[in-house]
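Novice: Below you will find the structure I want to go over with you.
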Amino acid sequence: TGVVTNPIEHYVGTRPQQASLARNQELLAELFCEDAVRRETALGKVAAMSPPRRRGLLEPAVERLGQGEMQSRCAAADLLGALGGDEAVETLQATLNQAATPSDDPDLPNNEALSLRWVLLRALAKCGGDWARTILADHNLVYVPAGEFVYGEKVDHPEEGYDPKVTNLGGYYMERLPVTNGDYALFVRASGHRPPRLWQSFPDNAKGLRPPQGKENPPVVGLTWDDAKAYARWTRR
């Protein structure tokens, strides 16, 4: 055991493997660095890799998803999304099932529970396939197939507005249910973002940092585009 019968063949045979391992280590350093642009560039390289090299990234991605800082776990989820395949989907599903919900620990810094949940869902969406879509549907995300989309409003006088235009959109996922007042209140409390003005109009809620009592479940309204964008960024949607 452990005896090399032909040292030359052994050296020639393992040299490409060692080179591939070294390249993967360099790529992993990029995939888990703090620079978001470098991480995104590295993910693009993963998509162009050969299947054997991609398989070499699966184990470290699974390992880092289960432990470590939030940034490292999010990067691991993104990597699994880029790798795809049944094992990646299974790992993401298991982690999603075990992840805390915001109500379990509402005082997590930056509401990491909610952020991690959306990172995992986003990675599943990138994996694609019927299994991933079924999991996403269980979490109130439905797939909208690619196709034509008509935008703009028909007007009698074009100089007063824009005539409808047709564009082609790729497939995407949409939440089945709207963001509620309770969801948005978590964001306001954790981030310090300004609350909707409507919340301040109720006599018992002068500071407006929470929705009126008993109104936690209706959809949040009165937001600007910037408010919605900030919420989406905070939840890592």
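Order determines the names: the first chain of the structure tokens is A, the second B, and so forth; residues in each chain are numbered 1 upward, and ligands are numbered 1 upward as they are shown.
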Please identify the strand (DSSP E) residues within range 112-223 of chain A (assignment by DSSP from backbone atoms) and present them as an MDAnalysis selection string.
Specialist: chainID A and resid 141:144 147:151 165:169 172:175
Novice: If you run DSSP on the backbone here, which positions in range 16-118 of chain A get alpha helix (DSSP H)? Please write them as number ranges by chain.
Specialist: A: 16-31, 36-47, 51-65, 70-83, 86-98, 112-118
Novice: If you count only C-alpha atoms, which residues fall within 12 Å of Gly84 in chain A, apart from same-chain ones fewer than 4 positions away, as a list in words?
Specialist: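 My reading of the contact set: Val46, Ala47, Pro51, Arg54, Arg55, Leu57, Leu58, Ala61, Ala77, Asp78, Leu79, Leu80, Ala88, Val89, Glu90, Thr91, Leu92, Ala123, Leu124, Ala125, Lys126, Cys127, Gly128, Gly129, Trp131 and Ala132 of chain A.
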Novice: Restricting the calculation to only C-alpha atoms, which member of A:Arg237, A:Ser191, A:Tyr231, A:Leu96 is positioned closest to Met174 in chain A?
Specialist: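 Closest to Met174 in chain A of all the choices is A:Arg237.
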Novice: Using only C-alpha atoms, pick whichever of A:Gln213, A:Ser201, A:Gln71, A:Asn140 has the shortest atom-to-atom distance to Glu175 in chain A.
Specialist: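 Smallest distance to Glu175 in chain A is found for A:Asn140.
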Novice: Using only C-alpha atoms, which residue out of A:Asn217, A:Tyr173, A:Ala29, A:Tyr151 lies closest to Ala137 in chain A?
Specialist: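 Looking only at the distances to Ala137 in chain A, the closest residue turns out to be A:Tyr173.
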Novice: Which residues, written as number ranges by chain, have at least one atom at most 12 Å from range 222-228 of chain A, with only C-alpha atoms counted and residues fewer than 4 positions away on the same chain left out?
Specialist: A: 178-181, 184, 187-188, 191-200, 232-235, 237
Novice: With only C-alpha atoms as the basis for distance, which of A:Arg176, A:Gly182, A:Pro164, A:Arg236 is at the shortest distance from Tyr143 in chain A?
Specialist: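 Closest residue, counting only C-alpha atoms: A:Arg176.
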Novice: Kindly indicate which residue among A:Glu30, A:Gly68, A:Arg122, A:Leu136 lies nearest to Gly44 in chain A, using only C-alpha atoms for the distances.
Specialist: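 Distance minimum relative to Gly44 in chain A lands on A:Glu30.
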Novice: Kindly give the distance, in Å, that separates CA of Val119 in chain A and CA of Lys45 in chain A, rounded to a single decimal.
Specialist: 20.0 Å
